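Source file: data04.cif (mmCIF, C-alpha atoms)
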```cif
data_target
#
loop_
_atom_site.label_atom_id
_atom_site.label_comp_id
_atom_site.auth_asym_id
_atom_site.auth_seq_id
_atom_site.Cartn_x
_atom_site.Cartn_y
_atom_site.Cartn_z
CA MET A 1 50.18 -26.67 71.32
CA ILE A 2 52.01 -25.36 68.25
CA ASN A 3 55.70 -25.24 69.05
CA ARG A 4 57.54 -21.98 68.37
CA ASP A 5 60.97 -23.31 69.29
CA LEU A 6 62.86 -20.82 67.12
CA TYR A 7 61.44 -17.88 69.06
CA LEU A 8 61.61 -19.58 72.44
CA LYS A 9 65.35 -20.12 71.94
CA LYS A 10 65.77 -16.47 70.98
CA ILE A 11 63.99 -15.29 74.10
CA ILE A 12 65.89 -17.69 76.36
CA SER A 13 69.19 -16.46 74.88
CA LYS A 14 68.26 -12.91 75.95
CA LYS A 15 66.98 -13.79 79.40
CA GLN A 16 68.25 -11.43 82.13
CA ASN A 17 70.59 -9.63 79.71
CA GLY A 18 69.80 -6.22 81.18
CA LEU A 19 67.78 -5.16 78.13
CA ILE A 20 64.08 -4.75 77.51
CA LYS A 21 62.96 -7.57 75.23
CA ILE A 22 60.59 -6.13 72.62
CA ILE A 23 58.56 -8.81 70.84
CA THR A 24 57.00 -7.34 67.71
CA GLY A 25 54.94 -8.63 64.83
CA LEU A 26 51.57 -8.81 63.15
CA ARG A 27 48.58 -8.97 65.48
CA ARG A 28 47.36 -12.54 66.02
CA SER A 29 50.69 -13.97 64.84
CA GLY A 30 51.34 -15.59 68.22
CA LYS A 31 53.31 -12.98 70.21
CA SER A 32 51.10 -13.12 73.29
CA TYR A 33 50.93 -16.92 73.25
CA LEU A 34 54.70 -17.13 72.89
CA LEU A 35 55.25 -14.93 75.93
CA PHE A 36 52.31 -15.73 78.22
CA GLU A 37 52.16 -19.48 77.56
CA ILE A 38 55.29 -20.94 75.96
CA TYR A 39 57.90 -18.77 77.69
CA LYS A 40 56.00 -18.74 80.99
CA ASN A 41 55.88 -22.56 80.92
CA TYR A 42 59.63 -22.56 80.37
CA LEU A 43 60.20 -20.27 83.36
CA ASN A 44 57.98 -22.51 85.51
CA SER A 45 60.01 -25.52 84.36
CA ILE A 46 63.23 -23.99 85.69
CA GLY A 47 61.66 -23.17 89.06
CA VAL A 48 60.24 -19.66 88.65
CA ASP A 49 57.02 -19.33 90.66
CA ASP A 50 53.93 -17.66 89.14
CA SER A 51 54.09 -14.98 91.84
CA HIS A 52 57.35 -13.79 90.29
CA ILE A 53 55.89 -13.50 86.78
CA ILE A 54 53.81 -10.33 86.45
CA GLN A 55 51.55 -10.55 83.40
CA ILE A 56 49.72 -7.48 82.04
CA ALA A 57 47.63 -7.58 78.85
CA LEU A 58 46.77 -3.99 77.95
CA ASP A 59 44.24 -5.08 75.31
CA LYS A 60 42.11 -6.75 78.01
CA LYS A 61 39.37 -4.92 79.92
CA GLU A 62 40.90 -6.07 83.20
CA PHE A 63 44.03 -4.01 82.56
CA GLU A 64 42.54 -1.08 80.66
CA ASP A 65 43.39 1.41 83.45
CA LEU A 66 47.05 0.43 83.20
CA ARG A 67 47.28 2.06 79.76
CA ASN A 68 48.10 5.10 81.85
CA PRO A 69 51.89 4.72 82.28
CA ASN A 70 51.80 6.08 85.83
CA ALA A 71 49.17 3.53 86.84
CA LEU A 72 51.20 0.79 85.13
CA TYR A 73 54.28 1.82 87.09
CA ASP A 74 52.42 1.79 90.43
CA TYR A 75 50.86 -1.61 89.65
CA ILE A 76 54.26 -3.19 89.06
CA GLN A 77 55.89 -1.48 92.04
CA LYS A 78 53.29 -2.97 94.41
CA ARG A 79 54.09 -6.50 93.23
CA ILE A 80 57.88 -6.55 93.42
CA ASN A 81 60.55 -6.25 96.09
CA LYS A 82 64.24 -5.35 96.00
CA THR A 83 65.68 -8.74 96.86
CA GLU A 84 64.07 -11.31 94.53
CA ASP A 85 64.02 -11.69 90.75
CA PHE A 86 60.82 -10.83 88.88
CA TYR A 87 59.75 -11.22 85.24
CA ILE A 88 57.52 -8.48 83.82
CA PHE A 89 55.34 -9.31 80.77
CA ILE A 90 53.42 -6.40 79.17
CA ASP A 91 51.28 -7.27 76.15
CA GLU A 92 50.36 -4.75 73.40
CA ILE A 93 52.43 -1.93 74.89
CA GLN A 94 51.48 0.41 72.03
CA LEU A 95 48.08 0.82 73.72
CA SER A 96 49.76 2.80 76.49
CA TYR A 97 49.10 6.53 76.09
CA ARG A 98 51.15 9.50 77.23
CA VAL A 99 50.15 11.53 80.30
CA LYS A 100 50.94 15.19 80.87
CA LYS A 101 53.24 15.78 83.84
CA ALA A 102 51.78 17.70 86.75
CA ASN A 103 53.31 20.88 88.16
CA VAL A 104 55.28 21.70 85.01
CA ASP A 105 54.98 25.17 83.47
CA GLU A 106 54.39 24.51 79.79
CA ASN A 107 55.43 28.05 78.86
CA SER A 108 58.91 27.46 80.27
CA VAL A 109 59.58 24.51 77.96
CA PRO A 110 60.99 25.25 74.45
CA ASP A 111 58.87 24.08 71.51
CA GLU A 112 61.46 21.47 70.48
CA ASP A 113 61.21 19.88 73.94
CA LYS A 114 57.41 19.82 74.31
CA ASN A 115 57.46 16.02 74.29
CA LEU A 116 59.23 16.19 77.67
CA LEU A 117 55.99 17.50 79.18
CA TYR A 118 54.57 13.99 79.01
CA THR A 119 55.22 10.70 80.75
CA THR A 120 55.23 7.75 78.35
CA PHE A 121 55.70 4.01 78.68
CA TYR A 122 59.29 4.56 77.53
CA ASP A 123 59.92 6.59 80.69
CA ILE A 124 58.52 4.07 83.11
CA LEU A 125 60.19 1.10 81.38
CA ASN A 126 63.55 2.85 81.46
CA ASP A 127 63.05 3.46 85.18
CA LEU A 128 62.07 -0.15 85.87
CA MET A 129 64.91 -1.43 83.73
CA ALA A 130 67.38 0.19 86.14
CA LYS A 131 66.27 -2.31 88.79
CA LYS A 132 68.64 -5.24 88.33
CA ASN A 133 66.20 -7.79 89.73
CA LEU A 134 63.62 -7.12 86.98
CA ASP A 135 63.63 -8.84 83.59
CA ILE A 136 61.21 -6.99 81.28
CA TYR A 137 59.41 -8.23 78.16
CA VAL A 138 56.88 -6.28 76.09
CA THR A 139 54.95 -7.10 72.93
CA GLY A 140 53.73 -4.65 70.33
CA SER A 141 51.98 -4.62 66.97
CA ASN A 142 53.31 -1.35 65.60
CA SER A 143 56.88 -1.07 64.34
CA ARG A 144 56.93 2.73 64.17
CA LEU A 145 56.10 2.93 67.86
CA LEU A 146 58.58 0.27 68.83
CA SER A 147 61.41 -0.98 66.65
CA LYS A 148 62.07 2.32 64.87
CA ASP A 149 62.38 4.15 68.20
CA VAL A 150 64.16 1.54 70.31
CA ALA A 151 67.62 3.10 70.14
CA THR A 152 66.36 6.58 71.03
CA ASN A 153 63.72 5.88 73.65
CA PHE A 154 65.31 2.89 75.36
CA ARG A 155 68.77 4.45 75.20
CA ASP A 156 70.27 1.44 73.45
CA ARG A 157 68.90 -0.84 76.13
CA GLY A 158 66.21 -2.60 74.14
CA CYS A 159 66.45 -5.60 71.81
CA GLU A 160 63.80 -6.68 69.31
CA ILE A 161 62.52 -10.14 68.49
CA GLN A 162 60.12 -10.14 65.54
CA VAL A 163 57.54 -12.92 65.45
CA PHE A 164 56.11 -14.05 62.12
CA PRO A 165 53.11 -16.26 61.32
CA LEU A 166 53.96 -19.96 61.21
CA SER A 167 56.64 -20.91 58.72
CA PHE A 168 55.95 -23.87 56.47
CA GLY A 169 58.26 -25.94 58.67
CA GLU A 170 56.26 -25.09 61.79
CA PHE A 171 52.99 -25.72 59.98
CA TYR A 172 54.14 -29.06 58.55
CA GLU A 173 55.32 -30.28 61.95
CA TYR A 174 51.87 -29.61 63.40
CA SER A 175 49.70 -30.55 60.40
CA ASN A 176 50.16 -34.34 60.28
CA LEU A 177 49.84 -34.12 56.48
CA GLU A 178 51.99 -35.45 53.68
CA LYS A 179 54.50 -32.85 52.48
CA ALA A 180 52.77 -32.09 49.18
CA ASP A 181 49.36 -31.84 50.85
CA ALA A 182 50.77 -29.65 53.61
CA LEU A 183 52.31 -27.28 51.05
CA GLU A 184 49.02 -27.07 49.15
CA GLU A 185 47.16 -26.10 52.31
CA TYR A 186 49.88 -23.67 53.38
CA MET A 187 49.87 -21.94 49.98
CA THR A 188 46.12 -21.45 50.39
CA PHE A 189 45.62 -20.63 54.08
CA GLY A 190 49.08 -19.57 55.23
CA GLY A 191 50.35 -19.73 58.78
CA MET A 192 48.21 -17.55 61.07
CA PRO A 193 48.11 -19.77 64.19
CA LEU A 194 44.36 -19.56 64.90
CA ALA A 195 43.55 -20.20 61.25
CA VAL A 196 45.74 -23.31 61.32
CA LEU A 197 43.87 -24.53 64.41
CA GLU A 198 40.47 -24.23 62.72
CA ASN A 199 39.09 -27.58 61.57
CA SER A 200 37.25 -26.81 58.36
CA GLN A 201 38.11 -24.87 55.22
CA SER A 202 35.11 -22.58 55.66
CA GLU A 203 36.16 -21.74 59.24
CA LYS A 204 39.69 -20.94 58.09
CA GLU A 205 38.35 -18.68 55.34
CA GLU A 206 35.94 -16.89 57.66
CA TYR A 207 38.59 -16.30 60.32
CA LEU A 208 41.18 -14.91 57.89
CA LYS A 209 38.67 -12.62 56.20
CA SER A 210 37.45 -11.27 59.52
CA LEU A 211 41.01 -10.42 60.63
CA PHE A 212 41.38 -7.77 57.95
CA LYS A 213 38.06 -6.07 58.50
CA ARG A 214 37.72 -6.47 62.25
CA ILE A 215 41.34 -6.10 63.35
CA TYR A 216 43.90 -4.82 60.84
CA LEU A 217 42.02 -2.18 58.86
CA ALA A 218 40.14 -1.02 61.95
CA ASP A 219 43.43 -0.69 63.86
CA ILE A 220 45.06 1.40 61.15
CA LYS A 221 41.99 3.60 60.76
CA GLU A 222 41.94 4.30 64.50
CA ARG A 223 45.70 4.66 64.94
CA TYR A 224 46.16 7.14 62.10
CA ASN A 225 42.77 8.87 62.30
CA LEU A 226 41.70 7.89 58.79
CA ARG A 227 38.30 9.21 57.78
CA ASP A 228 37.64 6.64 55.07
CA GLU A 229 38.62 2.97 55.28
CA GLU A 230 37.61 2.27 51.68
CA MET A 231 40.74 3.73 50.07
CA LEU A 232 43.04 1.75 52.35
CA ASP A 233 41.00 -1.41 51.75
CA SER A 234 41.22 -0.92 47.97
CA LEU A 235 44.95 -0.21 48.07
CA VAL A 236 45.54 -3.49 49.91
CA ASP A 237 43.57 -5.32 47.20
CA VAL A 238 45.76 -3.76 44.49
CA LEU A 239 48.97 -4.61 46.36
CA PHE A 240 47.94 -8.19 47.08
CA SER A 241 46.81 -8.71 43.50
CA SER A 242 50.34 -7.97 42.31
CA VAL A 243 52.70 -9.44 44.93
CA GLY A 244 56.06 -9.98 43.32
CA SER A 245 55.51 -7.20 40.78
CA LEU A 246 57.50 -3.97 40.71
CA THR A 247 55.48 -0.92 41.66
CA ASN A 248 55.66 2.58 43.15
CA PRO A 249 53.20 5.15 44.54
CA ASN A 250 52.61 6.75 41.13
CA LYS A 251 51.91 3.39 39.46
CA LEU A 252 49.55 2.45 42.29
CA LYS A 253 47.83 5.82 41.96
CA ASN A 254 47.23 5.22 38.24
CA THR A 255 45.85 1.74 38.91
CA MET A 256 43.52 3.04 41.60
CA GLU A 257 42.19 5.70 39.26
CA SER A 258 41.91 3.67 36.05
CA VAL A 259 40.65 0.37 37.48
CA LEU A 260 38.85 1.28 40.70
CA LYS A 261 37.91 4.89 39.89
CA ILE A 262 39.38 6.01 43.21
CA LYS A 263 41.49 9.17 43.31
CA MET A 264 44.44 9.21 45.68
CA SER A 265 47.56 11.38 45.72
CA ASP A 266 51.08 9.96 45.60
CA LYS A 267 51.62 11.28 49.13
CA THR A 268 48.53 9.56 50.50
CA ILE A 269 49.51 6.25 48.92
CA LYS A 270 53.05 6.59 50.30
CA ASN A 271 51.61 7.20 53.78
CA TYR A 272 49.25 4.23 53.50
CA LEU A 273 52.09 1.96 52.44
CA GLU A 274 54.02 3.05 55.52
CA TYR A 275 51.00 2.36 57.73
CA LEU A 276 50.73 -1.16 56.30
CA GLU A 277 54.45 -1.77 56.82
CA ASP A 278 54.36 -0.39 60.36
CA SER A 279 51.48 -2.76 61.15
CA PHE A 280 53.51 -5.72 59.78
CA ILE A 281 50.90 -6.50 57.12
CA ILE A 282 53.34 -6.06 54.22
CA LYS A 283 57.10 -5.97 53.77
CA LYS A 284 58.99 -3.98 51.18
CA ALA A 285 61.85 -5.34 49.05
CA ASN A 286 64.07 -2.64 47.53
CA ARG A 287 65.80 -2.88 44.14
CA TYR A 288 69.57 -3.37 44.07
CA ASP A 289 71.85 -2.76 41.08
CA VAL A 290 74.04 -5.87 41.16
CA LYS A 291 76.84 -4.52 38.98
CA GLY A 292 76.64 -0.92 40.19
CA LYS A 293 76.42 -2.09 43.81
CA ALA A 294 73.83 0.56 44.68
CA TYR A 295 70.21 0.70 45.77
CA LEU A 296 67.58 2.15 43.44
CA ASN A 297 64.71 4.19 44.88
CA TYR A 298 61.86 2.98 42.67
CA PRO A 299 60.12 0.79 41.79
CA SER A 300 59.98 -1.75 44.65
CA LYS A 301 58.15 -4.95 45.48
CA TYR A 302 55.74 -5.58 48.33
CA TYR A 303 55.01 -8.97 49.87
CA ALA A 304 52.26 -10.11 52.24
CA VAL A 305 53.59 -11.15 55.65
CA ASP A 306 51.16 -14.08 55.52
CA ILE A 307 50.03 -15.62 52.25
CA GLY A 308 46.75 -16.85 53.76
CA LEU A 309 45.79 -13.31 54.70
CA ARG A 310 46.61 -12.21 51.17
CA ASN A 311 44.43 -14.94 49.67
CA ALA A 312 41.57 -14.23 52.06
CA LYS A 313 41.64 -10.50 51.31
CA LEU A 314 41.18 -11.39 47.62
CA ASN A 315 38.40 -13.88 48.46
CA PHE A 316 40.66 -16.78 47.37
CA ARG A 317 40.09 -15.80 43.74
CA GLN A 318 43.66 -15.10 42.66
CA ASN A 319 45.63 -18.29 43.11
CA GLU A 320 48.69 -17.58 40.96
CA ARG A 321 51.17 -20.22 42.12
CA THR A 322 54.21 -18.38 40.80
CA HIS A 323 53.49 -15.23 42.84
CA ILE A 324 52.41 -17.17 45.93
CA MET A 325 55.58 -19.26 45.83
CA GLU A 326 57.76 -16.15 45.47
CA ASN A 327 56.00 -14.55 48.45
CA ILE A 328 56.53 -17.65 50.60
CA ILE A 329 60.23 -17.79 49.70
CA TYR A 330 60.64 -14.11 50.59
CA ASN A 331 58.99 -14.63 53.99
CA GLU A 332 61.18 -17.66 54.69
CA LEU A 333 64.34 -15.69 53.89
CA ILE A 334 63.35 -12.85 56.21
CA LEU A 335 62.36 -15.32 58.94
CA ARG A 336 65.81 -16.92 58.75
CA GLY A 337 67.49 -13.58 59.31
CA TYR A 338 68.49 -12.71 55.75
CA SER A 339 67.94 -9.41 54.00
CA ALA A 340 66.36 -9.89 50.58
CA ASP A 341 66.43 -7.30 47.82
CA VAL A 342 65.28 -7.39 44.20
CA GLY A 343 68.33 -7.65 41.95
CA VAL A 344 68.77 -5.67 38.73
CA VAL A 345 71.38 -6.75 36.16
CA GLN A 346 72.03 -4.54 33.15
CA VAL A 347 73.08 -6.37 29.96
CA SER A 348 74.10 -5.16 26.52
CA GLN A 349 73.07 -6.86 23.31
CA MET A 350 72.96 -6.23 19.55
CA LYS A 351 69.47 -5.64 18.21
CA GLU A 352 68.90 -4.73 14.55
CA GLY A 353 72.55 -3.72 14.24
CA LYS A 354 72.46 -1.45 17.29
CA GLN A 355 73.92 -1.89 20.74
CA THR A 356 71.06 -1.79 23.25
CA LYS A 357 70.87 -2.15 27.01
CA SER A 358 68.19 -3.87 29.02
CA ASN A 359 67.59 -4.77 32.67
CA LEU A 360 67.20 -8.36 33.84
CA GLU A 361 65.73 -9.21 37.21
CA ILE A 362 67.04 -11.50 39.92
CA ASP A 363 64.17 -12.28 42.27
CA PHE A 364 66.25 -12.08 45.44
CA VAL A 365 69.70 -10.79 46.29
CA VAL A 366 70.15 -12.36 49.69
CA ASN A 367 72.62 -11.14 52.30
CA LYS A 368 73.58 -12.40 55.71
CA GLY A 369 76.79 -11.04 57.14
CA PHE A 370 79.39 -11.02 54.40
CA SER A 371 77.78 -13.80 52.35
CA LYS A 372 75.61 -13.13 49.30
CA ILE A 373 73.41 -15.50 47.28
CA TYR A 374 71.31 -14.86 44.19
CA ILE A 375 67.96 -16.66 44.08
CA GLN A 376 65.41 -17.16 41.33
CA SER A 377 61.90 -18.44 42.08
CA ALA A 378 60.52 -20.64 39.27
CA PHE A 379 57.37 -22.63 39.95
CA SER A 380 58.12 -24.83 36.95
CA LEU A 381 60.93 -25.28 34.42
CA ASP A 382 58.92 -26.99 31.69
CA ASP A 383 61.62 -26.91 29.04
CA GLU A 384 65.16 -25.78 28.30
CA GLU A 385 64.00 -22.42 26.98
CA LYS A 386 62.29 -21.65 30.28
CA ARG A 387 65.37 -22.74 32.23
CA GLN A 388 67.64 -20.50 30.17
CA GLN A 389 65.27 -17.60 30.71
CA GLU A 390 65.45 -18.06 34.47
CA ILE A 391 69.23 -18.44 34.71
CA ARG A 392 70.14 -15.68 32.23
CA PRO A 393 70.22 -12.91 34.90
CA LEU A 394 72.32 -15.17 37.13
CA LEU A 395 74.86 -15.81 34.37
CA HIS A 396 75.21 -12.04 33.77
CA SER A 397 75.74 -11.04 37.41
CA GLY A 398 79.44 -10.52 36.73
CA ASP A 399 80.63 -12.11 39.97
CA PHE A 400 81.18 -15.48 41.62
CA PHE A 401 78.58 -15.44 44.38
CA LYS A 402 76.45 -18.58 44.77
CA LYS A 403 73.34 -18.85 42.64
CA LEU A 404 70.16 -20.85 43.30
CA VAL A 405 66.95 -21.57 41.40
CA ILE A 406 64.10 -22.73 43.67
CA VAL A 407 61.54 -24.78 41.76
CA GLY A 408 58.10 -26.02 42.76
CA GLY A 409 57.90 -29.51 44.23
CA ASN A 410 60.29 -31.85 46.02
CA GLN A 411 63.43 -31.64 43.84
CA LYS A 412 66.61 -32.64 45.68
CA LEU A 413 69.48 -30.16 45.66
CA TYR A 414 71.79 -30.42 42.66
CA GLN A 415 74.20 -28.25 40.66
CA ASP A 416 74.40 -27.78 36.87
CA GLU A 417 77.37 -27.30 34.55
CA ASN A 418 77.34 -23.53 35.21
CA GLY A 419 77.64 -23.97 38.96
CA ILE A 420 74.00 -22.96 39.52
CA TYR A 421 72.10 -24.85 42.21
CA TYR A 422 68.51 -26.11 41.83
CA TRP A 423 66.34 -27.00 44.81
CA GLY A 424 62.69 -27.92 45.29
CA LEU A 425 60.52 -25.59 47.31
CA ILE A 426 59.54 -28.23 49.88
CA PRO A 427 63.06 -29.34 50.88
CA PHE A 428 64.24 -25.72 50.82
CA LEU A 429 61.53 -24.72 53.29
CA LEU A 430 62.03 -27.76 55.54
CA ASP A 431 65.83 -27.97 55.60
CA LYS A 432 66.99 -26.27 58.80
CA GLU A 433 70.45 -25.66 57.35
CA GLY A 434 68.84 -23.73 54.51
CA LEU A 435 71.20 -21.71 52.36
CA GLU A 436 74.15 -22.72 54.52
CA LYS A 437 74.16 -26.03 52.57
CA LEU A 438 75.17 -24.37 49.30
#
```

Write-out of the structure in C-alpha cells:
Amino acid sequence: MINRDLYLKKIISKKQNGLIKIITGLRRSGKSYLLFEIYKNYLNSIGVDDSHIIQIALDKKEFEDLRNPNALYDYIQKRINKTEDFYIFIDEIQLSYRVKKANVDENSVPDEDKNLLYTTFYDILNDLMAKKNLDIYVTGSNSRLLSKDVATNFRDRGCEIQVFPLSFGEFYEYSNLEKADALEEYMTFGGMPLAVLENSQSEKEEYLKSLFKRIYLADIKERYNLRDEEMLDSLVDVLFSSVGSLTNPNKLKNTMESVLKIKMSDKTIKNYLEYLEDSFIIKKANRYDVKGKAYLNYPSKYYAVDIGLRNAKLNFRQNERTHIMENIIYNELILRGYSADVGVVQVSQMKEGKQTKSNLEIDFVVNKGFSKIYIQSAFSLDDEEKRQQEIRPLLHSGDFFKKLVIVGGNQKLYQDENGIYYWGLIPFLLDKEGLEKL
C-alpha cells in the first residue's frame, strides 16, 4: 500500500462536518483508492461496519444504471435509515447525467430557468445532505463540473479536496531507493500510482503512454464532443515540449501552423487549454508584476500535473532537467497549498548612453496567507556569473520578502551575504516544514 497520509488527514478533519466532501483530481491519481480503500479502512478501524458504508462507483458496469440521479437517490434511500449514521461514497460523480422532470410544462418555464426542468446529481446530493445522519463523499475528474460550481450548486455546503499524483516525498517513502536514485526515477516516470507500482521501466513507459490515448484524450473528446483528436493531441505535445516557457494562444497558434502545419484559431486553442485544465492534466501559472502589484493577462506558463505523463507523451525524448525540475517544484508548491505565479520585475539600465527598461523573471512568486516568498529554480550554478544571473531579479524586487534559489542535488539550506537562501532540490522536496523553515 502507498500511504497518502496527507489526504487521509484532510478527509478525517472534514468528517461529519455537514458538508459534501468533493475529492477532485486527475483520473488515475488515486482518488478512488484514497476513498474506497484508505479512508474506508480508517472508518473500519474506528468501529464503522461495512453495512454503514455505501460505496458506488459510477464508472463500473455494476452501477451504470445509477448514473440516472433518480435511480441513485432511490438506491441510497433503500440502504439507510433515520436513526444510524451512514457514509456515502460516490466515485466519478461527473458521469451522472441530468434527467428531465416529469409533469412539468416546459412552455411555462422562462428561458433563463430552463435548467430547472432537469434533475441533476446536485439536486439529489443537496437533498441527501439535509439528512444529518449521512456523511457524503464524492470523487470527480472534471473541475468545471465540480470545483467551479461548488458554491452555486451545493449552496456553500461543499468542500473540495484535490488529490495530486504522488509527491516526491510519497514516492521516496515507498521506493526503497537512495535519494539521488529516487529523484532520477521520479524525474523520469513521475508519481502516477499505478506507474510507480509497475516493476520494469518498459511497463512504466507503456502504462503512462496508454493513459493519454486511452483515458485522457478520449475523455476530453467525448466530454466536449470534439470531432478530431489530432489537434488536441498535437497541442499537448507543444505545451509539454515547452513547460516553464511563457506562451499564449496566439503564440501556440503560430507554433502549430509553422512547425506542425496544423491550423487552429486562437479561440479553439483557448478552449482546448481550458479543457486540459478542467481535466487536471495541466495547471496555469499567471504572470505577476512584482513592483506594480498587478496581474498581467498574457503570456502565461503551463505545467504538467505529473512529470511522468509529460515525459511519456513526448516518448521520453525531451529530458531537459531544468524544465523538469521547475515543473516538479511548481507541483510541490501547489500540493503544499501555496499559490504560485510567475514574477515580472522591471529594471532600468543605461545602454549605449540611453536609459532602457527590461523585464526580468522570477520563476515563482509564492503566496500563502499573508506571507510571500520569491523562488528561482536553477538546476546548476556552475560559476559566479550564472549565480548572479539567477539572483539579479531577486535583488531588484524592491521589497524585503524572503528569497530562495532551489538548486539541483542535495545542498543543505544556507543564506548568502544578500540574505538570499539556497537549498537543494532533494531536501526541499523531502522537508515537511518546507518554506516555513526560511

Selection in question (the file shown): the PyMOL selection byres ((chain A and resi 286) around 9). Which residues does it include, as a VMD selection string? chain A and resid 284 to 285 287 to 288 295 to 302 340 to 343

With C-alpha atoms kept, could you save the residues just selected as a compact mmCIF listing (two decimals), in the coordinates of the input?
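As written to disk, part.txt reads:
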```txt
# COMPACT_ATOMS: atom_id res chain seq x y z
CA LYS A 284 58.99 -3.98 51.18
CA ALA A 285 61.85 -5.34 49.05
CA ARG A 287 65.80 -2.88 44.14
CA TYR A 288 69.57 -3.37 44.07
CA TYR A 295 70.21 0.70 45.77
CA LEU A 296 67.58 2.15 43.44
CA ASN A 297 64.71 4.19 44.88
CA TYR A 298 61.86 2.98 42.67
CA PRO A 299 60.12 0.79 41.79
CA SER A 300 59.98 -1.75 44.65
CA LYS A 301 58.15 -4.95 45.48
CA TYR A 302 55.74 -5.58 48.33
CA ALA A 340 66.36 -9.89 50.58
CA ASP A 341 66.43 -7.30 47.82
CA VAL A 342 65.28 -7.39 44.20
CA GLY A 343 68.33 -7.65 41.95
```

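What the PyMOL selection byres ((chain A and resi 77) around 12) matches in the given file is Ile54, Asn70, Ala71, Leu72, Tyr73, Asp74, Tyr75, Ile76, Lys78, Arg79, Ile80, Asn81, Lys82, Phe86, Ile88, Ile124, Leu125, Asp127, Leu128, Lys131 and Leu134 of chain A.
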
Got time to write the residues from that selection, C-alpha atoms, as an mmCIF file, in the coordinates of the input?
```
data_model
loop_
_atom_site.group_PDB
_atom_site.id
_atom_site.type_symbol
_atom_site.label_atom_id
_atom_site.label_comp_id
_atom_site.auth_asym_id
_atom_site.auth_seq_id
_atom_site.Cartn_x
_atom_site.Cartn_y
_atom_site.Cartn_z
ATOM 1 C CA ILE A 54 53.810 -10.330 86.450
ATOM 2 C CA ASN A 70 51.800 6.080 85.830
ATOM 3 C CA ALA A 71 49.170 3.530 86.840
ATOM 4 C CA LEU A 72 51.200 0.790 85.130
ATOM 5 C CA TYR A 73 54.280 1.820 87.090
ATOM 6 C CA ASP A 74 52.420 1.790 90.430
ATOM 7 C CA TYR A 75 50.860 -1.610 89.650
ATOM 8 C CA ILE A 76 54.260 -3.190 89.060
ATOM 9 C CA LYS A 78 53.290 -2.970 94.410
ATOM 10 C CA ARG A 79 54.090 -6.500 93.230
ATOM 11 C CA ILE A 80 57.880 -6.550 93.420
ATOM 12 C CA ASN A 81 60.550 -6.250 96.090
ATOM 13 C CA LYS A 82 64.240 -5.350 96.000
ATOM 14 C CA PHE A 86 60.820 -10.830 88.880
ATOM 15 C CA ILE A 88 57.520 -8.480 83.820
ATOM 16 C CA ILE A 124 58.520 4.070 83.110
ATOM 17 C CA LEU A 125 60.190 1.100 81.380
ATOM 18 C CA ASP A 127 63.050 3.460 85.180
ATOM 19 C CA LEU A 128 62.070 -0.150 85.870
ATOM 20 C CA LYS A 131 66.270 -2.310 88.790
ATOM 21 C CA LEU A 134 63.620 -7.120 86.980
#
```

Identify, on the basis of all atoms listed in the file, every residue whose closest approach to stretch 169-174 of chain A does not exceed 10 Å; exclude the query and any residue fewer than 3 positions from it along the same chain; express the result as a ChimeraX atom specification. /A:1-6,165-166,177-183,185-186,190-193,196-197,332,426-432

Atom CA of A:Ala218 to atom CA of A:Gln55: how many Å, to one decimal?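 A separation of 26.1 Å between them.
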
So which residues touch stretch 25-32 of chain A within 8 Å, counting all atoms listed in the file, skipping near sequence neighbours fewer than 3 positions away, as number ranges by chain? A: 35-37, 91, 139-143, 162-166, 192-194, 216, 279-281

Care to translate the PyMOL selection byres ((chain A and resi 261-265) around 10) into actual residues of this file, as a ChimeraX atom specification? /A:230-231,234-235,249-250,252-260,266-271

Selected residues, C-alpha atoms, written as a PDB file, in the frame of the given file, please.
```pdb
ATOM      1  CA  GLU A 230      37.610   2.270  51.680  1.00  0.00           C
ATOM      2  CA  MET A 231      40.740   3.730  50.070  1.00  0.00           C
ATOM      3  CA  SER A 234      41.220  -0.920  47.970  1.00  0.00           C
ATOM      4  CA  LEU A 235      44.950  -0.210  48.070  1.00  0.00           C
ATOM      5  CA  PRO A 249      53.200   5.150  44.540  1.00  0.00           C
ATOM      6  CA  ASN A 250      52.610   6.750  41.130  1.00  0.00           C
ATOM      7  CA  LEU A 252      49.550   2.450  42.290  1.00  0.00           C
ATOM      8  CA  LYS A 253      47.830   5.820  41.960  1.00  0.00           C
ATOM      9  CA  ASN A 254      47.230   5.220  38.240  1.00  0.00           C
ATOM     10  CA  THR A 255      45.850   1.740  38.910  1.00  0.00           C
ATOM     11  CA  MET A 256      43.520   3.040  41.600  1.00  0.00           C
ATOM     12  CA  GLU A 257      42.190   5.700  39.260  1.00  0.00           C
ATOM     13  CA  SER A 258      41.910   3.670  36.050  1.00  0.00           C
ATOM     14  CA  VAL A 259      40.650   0.370  37.480  1.00  0.00           C
ATOM     15  CA  LEU A 260      38.850   1.280  40.700  1.00  0.00           C
ATOM     16  CA  ASP A 266      51.080   9.960  45.600  1.00  0.00           C
ATOM     17  CA  LYS A 267      51.620  11.280  49.130  1.00  0.00           C
ATOM     18  CA  THR A 268      48.530   9.560  50.500  1.00  0.00           C
ATOM     19  CA  ILE A 269      49.510   6.250  48.920  1.00  0.00           C
ATOM     20  CA  LYS A 270      53.050   6.590  50.300  1.00  0.00           C
ATOM     21  CA  ASN A 271      51.610   7.200  53.780  1.00  0.00           C
TER      22      ASN A 271
END
```

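Taking only C-alpha atoms into account, A:Gly158 lies nearest to A:Ile23 out of the set A:Ile329, A:Ile23, A:Ile324, A:Leu43.
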
For atom CA of A:Gly434 and atom CA of A:Ala378, determine how far apart the two atoms are, in Å to one decimal place. 17.6 Å
